[in-house]
Each structure stands twice: as structure tokens, then as C-alpha cells.
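Structure below is entry.cif: mmCIF, C-alpha atoms.
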```cif
data_work
#
loop_
_atom_site.label_atom_id
_atom_site.label_comp_id
_atom_site.auth_asym_id
_atom_site.auth_seq_id
_atom_site.Cartn_x
_atom_site.Cartn_y
_atom_site.Cartn_z
CA MET S 1 -208.05 65.52 7.93
CA GLY S 2 -207.03 62.54 10.04
CA LYS S 3 -204.90 62.46 13.15
CA LEU S 4 -201.61 60.92 14.26
CA TYR S 5 -201.62 59.01 17.53
CA VAL S 6 -198.24 58.15 19.08
CA VAL S 7 -198.95 55.04 21.14
CA PRO S 8 -196.47 53.59 23.67
CA THR S 9 -196.45 49.79 23.91
CA PRO S 10 -195.14 47.55 26.73
CA VAL S 11 -191.38 47.18 27.13
CA GLY S 12 -191.93 43.81 28.79
CA ASN S 13 -195.09 42.79 30.62
CA LEU S 14 -198.08 43.06 28.28
CA GLU S 15 -200.22 44.17 31.23
CA ASP S 16 -198.40 47.52 31.11
CA ILE S 17 -200.39 48.72 28.11
CA THR S 18 -202.99 51.32 29.01
CA LEU S 19 -206.73 51.06 28.43
CA ARG S 20 -206.52 54.24 26.36
CA ALA S 21 -203.81 52.76 24.14
CA VAL S 22 -205.95 49.68 23.51
CA ARG S 23 -208.93 51.89 22.61
CA VAL S 24 -206.89 54.00 20.18
CA LEU S 25 -205.46 50.92 18.47
CA ARG S 26 -208.98 49.52 18.09
CA GLU S 27 -210.48 52.73 16.76
CA CYS S 28 -207.74 53.96 14.41
CA ASP S 29 -207.87 53.30 10.66
CA TYR S 30 -204.26 52.30 10.16
CA ILE S 31 -201.26 51.25 12.26
CA VAL S 32 -197.63 52.08 11.46
CA ALA S 33 -195.23 49.75 13.29
CA GLU S 34 -191.46 49.51 13.62
CA ASP S 35 -191.65 45.75 12.98
CA THR S 36 -194.99 44.38 11.82
CA ARG S 37 -194.10 40.89 13.08
CA THR S 38 -193.36 42.04 16.63
CA SER S 39 -196.35 44.36 16.72
CA GLY S 40 -198.50 41.66 15.14
CA ASN S 41 -197.95 39.50 18.21
CA LEU S 42 -199.14 42.30 20.48
CA LEU S 43 -202.18 43.05 18.33
CA ARG S 44 -203.18 39.37 18.24
CA HIS S 45 -202.90 39.29 22.04
CA LEU S 46 -205.23 42.31 22.18
CA GLU S 47 -207.53 40.76 19.52
CA ILE S 48 -207.04 43.74 17.24
CA SER S 49 -206.90 43.43 13.46
CA LYS S 50 -205.98 46.52 11.45
CA PRO S 51 -204.19 47.34 8.18
CA MET S 52 -200.55 47.83 9.07
CA SER S 53 -197.22 48.73 7.47
CA SER S 54 -193.63 49.03 8.67
CA TYR S 55 -191.90 52.28 9.59
CA HIS S 56 -188.30 51.99 10.79
CA LYS S 57 -184.97 53.79 10.58
CA PHE S 58 -184.10 52.15 7.26
CA ASN S 59 -187.25 53.19 5.38
CA GLU S 60 -188.68 56.19 7.26
CA HIS S 61 -187.52 58.78 4.72
CA GLY S 62 -189.07 56.75 1.89
CA VAL S 63 -192.50 56.12 3.45
CA VAL S 64 -193.17 59.18 5.59
CA ALA S 65 -194.91 61.05 2.75
CA GLN S 66 -197.24 58.10 2.12
CA ILE S 67 -198.24 57.96 5.78
CA VAL S 68 -198.87 61.72 5.89
CA ALA S 69 -200.98 61.38 2.74
CA ARG S 70 -203.19 58.83 4.51
CA MET S 71 -203.90 61.30 7.31
CA GLU S 72 -204.47 64.14 4.86
CA GLY S 73 -207.03 61.86 3.25
CA GLY S 74 -208.91 61.50 6.54
CA GLN S 75 -207.41 58.37 8.12
CA ASP S 76 -206.42 58.25 11.77
CA VAL S 77 -202.99 56.62 12.06
CA ALA S 78 -201.45 55.04 15.18
CA LEU S 79 -197.66 54.91 15.39
CA ILE S 80 -196.11 52.18 17.56
CA SER S 81 -192.58 50.86 18.00
CA ASP S 82 -191.36 47.42 19.04
CA ALA S 83 -191.48 48.50 22.69
CA GLY S 84 -191.86 51.72 24.61
CA THR S 85 -192.63 55.20 23.31
CA PRO S 86 -191.96 55.97 19.63
CA GLY S 87 -189.37 58.70 19.23
CA ILE S 88 -187.42 57.73 22.36
CA SER S 89 -184.40 55.96 20.83
CA ASP S 90 -186.90 54.56 18.32
CA PRO S 91 -188.26 55.82 14.97
CA GLY S 92 -190.95 58.44 15.33
CA TYR S 93 -189.52 61.95 15.27
CA LEU S 94 -189.54 62.27 11.47
CA LEU S 95 -193.19 61.26 11.12
CA VAL S 96 -194.27 63.54 13.97
CA ARG S 97 -192.36 66.46 12.42
CA HIS S 98 -193.87 65.91 8.97
CA ALA S 99 -197.37 65.56 10.41
CA ILE S 100 -197.02 68.82 12.30
CA ASP S 101 -195.69 70.58 9.20
CA ALA S 102 -198.72 69.32 7.26
CA GLY S 103 -201.10 70.77 9.85
CA ILE S 104 -202.13 67.34 11.18
CA ASP S 105 -203.05 67.01 14.85
CA VAL S 106 -200.64 64.83 16.84
CA GLU S 107 -201.71 63.20 20.10
CA THR S 108 -199.04 61.40 22.15
CA LEU S 109 -200.32 58.99 24.77
CA PRO S 110 -198.46 58.54 28.06
CA GLY S 111 -197.26 55.03 28.73
CA PRO S 112 -194.36 52.60 29.05
CA THR S 113 -190.74 53.55 28.56
CA ALA S 114 -187.65 51.82 29.93
CA PHE S 115 -185.60 54.70 31.29
CA VAL S 116 -188.08 56.10 33.85
CA PRO S 117 -188.43 52.92 35.95
CA ALA S 118 -184.66 52.35 35.66
CA LEU S 119 -183.97 55.88 36.91
CA VAL S 120 -186.24 55.55 39.94
CA ASP S 121 -185.04 52.02 40.74
CA SER S 122 -181.38 53.06 40.60
CA GLY S 123 -181.66 54.92 43.90
CA LEU S 124 -179.85 57.90 42.36
CA PRO S 125 -181.29 61.44 42.39
CA CYS S 126 -184.16 61.67 39.93
CA ASP S 127 -185.28 65.26 40.46
CA ARG S 128 -182.94 66.39 37.68
CA PHE S 129 -181.63 64.07 34.99
CA VAL S 130 -180.46 63.94 31.38
CA PHE S 131 -181.36 61.18 28.94
CA GLU S 132 -178.49 60.46 26.54
CA GLY S 133 -179.91 57.41 24.76
CA PHE S 134 -177.21 55.42 22.96
CA LEU S 135 -173.68 56.79 22.93
CA PRO S 136 -172.04 56.95 19.49
CA GLN S 137 -170.60 53.55 18.69
CA LYS S 138 -167.47 54.83 16.99
CA LYS S 139 -166.72 58.37 15.86
CA GLY S 140 -167.51 60.92 18.52
CA ARG S 141 -167.92 58.42 21.36
CA GLN S 142 -164.93 59.57 23.44
CA THR S 143 -165.76 63.18 22.73
CA ARG S 144 -169.31 62.72 23.99
CA ILE S 145 -168.18 60.94 27.15
CA GLY S 146 -165.65 63.70 27.81
CA LEU S 147 -168.33 66.38 27.48
CA LEU S 148 -170.46 64.58 30.08
CA ALA S 149 -167.70 64.28 32.69
CA ASP S 150 -168.82 67.47 34.46
CA GLU S 151 -172.58 66.90 34.03
CA SER S 152 -174.17 67.37 37.47
CA ARG S 153 -177.49 65.74 36.67
CA THR S 154 -178.07 61.99 36.82
CA MET S 155 -177.31 60.51 33.40
CA ILE S 156 -179.24 57.76 31.63
CA PHE S 157 -177.89 55.69 28.76
CA TYR S 158 -179.20 52.83 26.66
CA GLU S 159 -176.60 50.20 25.81
CA SER S 160 -176.40 46.84 24.09
CA PRO S 161 -175.40 43.84 26.26
CA HIS S 162 -172.13 43.16 24.45
CA ARG S 163 -170.87 46.73 25.02
CA VAL S 164 -171.86 47.19 28.67
CA GLY S 165 -168.51 46.19 30.18
CA LYS S 166 -166.57 48.37 27.76
CA THR S 167 -168.87 51.35 28.29
CA LEU S 168 -168.65 51.10 32.08
CA GLY S 169 -164.87 51.03 31.81
CA GLN S 170 -164.81 54.10 29.59
CA LEU S 171 -167.17 55.99 31.90
CA ALA S 172 -165.05 55.05 34.93
CA GLU S 173 -161.92 56.29 33.20
CA ARG S 174 -163.42 59.69 32.40
CA PHE S 175 -165.81 60.19 35.35
CA GLY S 176 -163.85 58.43 38.10
CA GLY S 177 -164.34 54.85 39.27
CA GLU S 178 -166.06 55.87 42.52
CA ARG S 179 -169.06 57.45 40.74
CA ARG S 180 -172.25 55.57 41.68
CA ALA S 181 -174.24 53.83 38.97
CA ALA S 182 -176.79 51.13 38.25
CA VAL S 183 -177.17 48.56 35.50
CA CYS S 184 -180.85 47.85 34.89
CA ARG S 185 -181.83 45.09 32.51
CA GLU S 186 -185.00 43.49 31.20
CA ILE S 187 -187.28 46.20 32.62
CA SER S 188 -190.79 44.85 33.28
CA LYS S 189 -189.83 41.33 32.17
CA LYS S 190 -189.53 38.03 34.02
CA PHE S 191 -185.79 38.35 34.70
CA GLU S 192 -185.75 42.06 35.53
CA GLU S 193 -182.66 42.99 37.51
CA THR S 194 -180.98 46.11 38.87
CA VAL S 195 -177.34 45.92 39.97
CA ARG S 196 -176.05 48.97 41.87
CA GLY S 197 -172.49 49.95 42.71
CA THR S 198 -169.67 52.20 41.61
CA LEU S 199 -168.56 52.45 38.01
CA ALA S 200 -165.39 50.56 38.96
CA GLU S 201 -167.34 47.77 40.67
CA LEU S 202 -169.84 47.41 37.86
CA GLY S 203 -167.11 47.60 35.24
CA ALA S 204 -165.26 44.73 36.91
CA ARG S 205 -168.47 42.70 37.20
CA TYR S 206 -169.38 42.99 33.54
CA ALA S 207 -165.88 42.98 32.06
CA ASP S 208 -166.08 39.26 31.37
CA GLN S 209 -169.75 38.63 32.11
CA GLU S 210 -172.00 39.82 29.31
CA PRO S 211 -175.53 40.40 30.62
CA ARG S 212 -178.57 39.37 28.66
CA GLY S 213 -181.46 41.51 27.54
CA GLU S 214 -181.96 45.22 27.05
CA ILE S 215 -179.82 47.46 29.25
CA VAL S 216 -180.30 50.87 30.84
CA LEU S 217 -177.28 52.47 32.55
CA VAL S 218 -177.94 55.13 35.18
CA VAL S 219 -174.92 57.13 36.34
CA GLU S 220 -174.58 59.63 39.16
CA GLY S 221 -173.87 63.21 38.15
CA ALA S 222 -170.68 65.05 39.07
CA SER S 223 -170.60 66.64 42.52
CA ALA S 224 -169.42 70.17 43.20
CA GLY S 225 -166.10 68.81 44.48
CA ASP S 226 -165.34 66.78 41.38
CA LYS S 227 -162.53 68.23 39.29
CA PRO S 228 -160.82 66.88 36.20
CA GLY S 229 -158.09 64.47 37.23
CA LYS S 230 -159.24 64.29 40.87
CA ALA S 231 -161.53 61.25 40.83
CA GLY S 232 -160.13 57.76 41.33
CA LYS S 233 -157.08 56.87 39.29
CA ARG S 234 -158.31 58.84 36.33
CA THR S 235 -155.82 61.08 34.60
CA HIS S 236 -157.75 63.76 32.77
CA ARG S 237 -156.58 64.98 29.41
CA PRO S 238 -158.47 66.95 26.78
CA THR S 239 -160.40 64.82 24.33
CA THR S 240 -158.97 64.98 20.82
CA ASP S 241 -159.86 63.60 17.44
CA HIS S 242 -157.12 61.03 18.07
CA ASP S 243 -159.27 59.53 20.85
CA ASP S 244 -162.13 58.97 18.43
CA LYS S 245 -159.80 57.37 15.90
CA ASP S 246 -158.59 54.98 18.60
CA GLU S 247 -162.20 54.17 19.40
CA ASP S 248 -162.87 53.47 15.72
CA ARG S 249 -160.08 50.89 15.73
CA GLU S 250 -161.42 49.25 18.90
CA ALA S 251 -165.03 48.92 17.74
#
```

Any chance you could put this one into C-alpha cells?
Amino acid sequence: MGKLYVVPTPVGNLEDITLRAVRVLRECDYIVAEDTRTSGNLLRHLEISKPMSSYHKFNEHGVVAQIVARMEGGQDVALISDAGTPGISDPGYLLVRHAIDAGIDVETLPGPTAFVPALVDSGLPCDRFVFEGFLPQKKGRQTRIGLLADESRTMIFYESPHRVGKTLGQLAERFGGERRAAVCREISKKFEETVRGTLAELGARYADQEPRGEIVLVVEGASAGDKPGKAGKRTHRPTTDHDDKDEDREA
């Protein structure tokens, strides 16, 4: 019986890869990558040549059994994504679940991920936090934001550059414009930047200025004194299905 290794890869600077990750990639029998072209560049940089196939959200249900069969046949398989830790807003969960169900050992290496440095760099409390990943793009988006309005822990979101201004505006409307936040982009890359301010300030900054690169939003949790309808100019009303239909028309 082989083994599944979940191997984080750099989110930016290639120096962020660990020595252990390099060793595992060199010693494994097979590599499963989100995009073989992107991962091929990393492997060439590391001077590693291994059989490799793609595993992404569009084919994972169709290929997961084949990958598990490799490990059942004795091959050690390394799973990598385009950047960061597989399974964190990237494909990975399904393969890990199937490997466990098949009695295959799974070993997840520690390593790069975008939201941890963004959280610490934001200057917001990081002793307790909740990682929300990407908000729903259409149906359920307003409902999800409404459910988070009273969340007391620091909140972390991933967002695409062209939606940042809109998302900040929606968060300000529901949470209150004075809530502190940070927009972190291009973590561990040449043009890494963290912009801190209130949701209102950041919303105004990015309303007509679309940032470049990958974005992490970090938002302060609700304080004990926050009450629906109290913060900023927000007028609280219960979230309804009508809100989600409006969001569908906007997207």
C-alpha cells in the first residue's frame, strides 16, 4: 500500500518551499497537480522530474478512483495545487477523503498558505479567527454575509480582484462602515501590499480602483456593543431570498 502526501507549494516566492516538501517530491512515485503546466515550472526549478497528471475541480470526481488505485498498488503519491496548501480553497478534500476511506495513510506537510500571513499582517486580533474562503458569487451571498454580521472572531476571505470593491461595500453595509479591515494582495510576491483601514475607507478606495493579483480580505469581528442597525449608516433588515435574487441580477 502506498501513501498520499499533501504538499504545500509557494504562494509567491519560490524560496518559501520547505526542505521536507522538496524531499517528498523527489522521493514520491507520482505527482498529482492542479495544473501540470504551473506545477511543471516549479518542478523544473527544483530539478525534479516525475510522472504527473492533473487533478482539479472539473475532473476530480472522474480521476479520484484512478489515483487511489495507484496508491493501493503501492505507489506513493504527492498532491500539490497551483499555490498554497491543497484543500484550502483548492482541490484536495475529495482525494484525501477517498484515500482515508480506502485505508491509505495520509501525511499533510506544513507549509505556505496565503491567509495566515495576511491575518498576522492585518494587525487585527489573530488569537481567534474564522476562515470563510470565497463567498458565494451569486445565490446565497447576501445570506452568508448576513449570518456573519454578528461573528465576533476575525474573519478571513479570499476574493478576486474585480469583486473586491463590491465585496467591501456589501460588508460595510451589513457590518457597519467603521469595522476595521485589511486588503492583502500578492502575498510573498514582489508587489506584496497590505492596505489597512475601515470597511468604508477601503470600499471607497477600491470602488473604482481594481487591485491586481490575488486578494485576502481580513475583517474585524463584531464587538460586544455591536447591535443590528447600530453601526454606521447601516439599516439592518432580515436577509431574505429576495436579497439573493437581487444579487443574482447584479453578478

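Counting from CA of Asn41 in chain S, the distance to CA of Leu95 in chain S is 23.4 Å.
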
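Nearest to Glu178 in chain S of all the residues S:Ile17, S:Ile145, S:Val219, S:Val106 is S:Val219, based on only C-alpha atoms.
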
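Here, the PyMOL selection byres ((chain S and resi 152) around 8) matches Asp150, Glu151, Arg153, Thr154, Glu220, Gly221, Ala222, Ser223 and Ala224 of chain S.
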
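Distance annotation: of S:Leu4, S:Leu46, S:Cys184, S:Ala200, the residue with the minimal separation from Asp105 in chain S is S:Leu4; atom set is all atoms listed in the file.
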
Evaluate the PyMOL selection byres ((chain S and resi 208-215) around 8) against this structure - the residues, as an mmCIF file with C-alpha atoms, keeping the file's coordinate frame, please.
```cif
data_model
loop_
_atom_site.group_PDB
_atom_site.id
_atom_site.type_symbol
_atom_site.label_atom_id
_atom_site.label_comp_id
_atom_site.auth_asym_id
_atom_site.auth_seq_id
_atom_site.Cartn_x
_atom_site.Cartn_y
_atom_site.Cartn_z
ATOM 1 C CA TYR S 158 -179.200 52.830 26.660
ATOM 2 C CA GLU S 159 -176.600 50.200 25.810
ATOM 3 C CA SER S 160 -176.400 46.840 24.090
ATOM 4 C CA PRO S 161 -175.400 43.840 26.260
ATOM 5 C CA HIS S 162 -172.130 43.160 24.450
ATOM 6 C CA VAL S 164 -171.860 47.190 28.670
ATOM 7 C CA GLY S 165 -168.510 46.190 30.180
ATOM 8 C CA VAL S 183 -177.170 48.560 35.500
ATOM 9 C CA CYS S 184 -180.850 47.850 34.890
ATOM 10 C CA ARG S 185 -181.830 45.090 32.510
ATOM 11 C CA GLU S 186 -185.000 43.490 31.200
ATOM 12 C CA ILE S 187 -187.280 46.200 32.620
ATOM 13 C CA ALA S 204 -165.260 44.730 36.910
ATOM 14 C CA ARG S 205 -168.470 42.700 37.200
ATOM 15 C CA TYR S 206 -169.380 42.990 33.540
ATOM 16 C CA ALA S 207 -165.880 42.980 32.060
ATOM 17 C CA VAL S 216 -180.300 50.870 30.840
ATOM 18 C CA LEU S 217 -177.280 52.470 32.550
#
```

Would you write out, as a tab-separated table, a table of all residues in range 57-162 of chain S that have an atom no more than 8 Å from an atom of range 25-33 of chain S, listing for each the closest atom pair and the distance in Å to one decimal, considering all atoms listed in the file and ordering rows by chain and rising residue number?
```
residue	atom	partner	partner_atom	distance
S:Gln75	CA	S:Asp29	CA	5.7
S:Asp76	CA	S:Cys28	CA	5.2
S:Val77	CA	S:Tyr30	CA	4.9
S:Ala78	CA	S:Ile31	CA	4.8
S:Leu79	CA	S:Val32	CA	4.8
S:Ile80	CA	S:Ala33	CA	5.0
S:Ser81	CA	S:Ala33	CA	5.5
S:Asp82	CA	S:Ala33	CA	7.3
```

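The shortest atom-to-atom distance to Phe157 in chain S, with all atoms listed in the file taken into account, belongs to S:Val218 out of S:Ala172, S:Val218, S:Ile88, S:Leu124.
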
Translate the PyMOL selection byres ((chain S and resi 197) around 8), as applied to the file shown, into an explicit residue set as an MDAnalysis selection string. chainID S and resid 180:182 195:196 198:199 201:202

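Here the question is which of S:Val64, S:Val24, S:Leu14, S:Met1 gets nearest to Val96 in chain S using only C-alpha atoms, and that residue is S:Val64.
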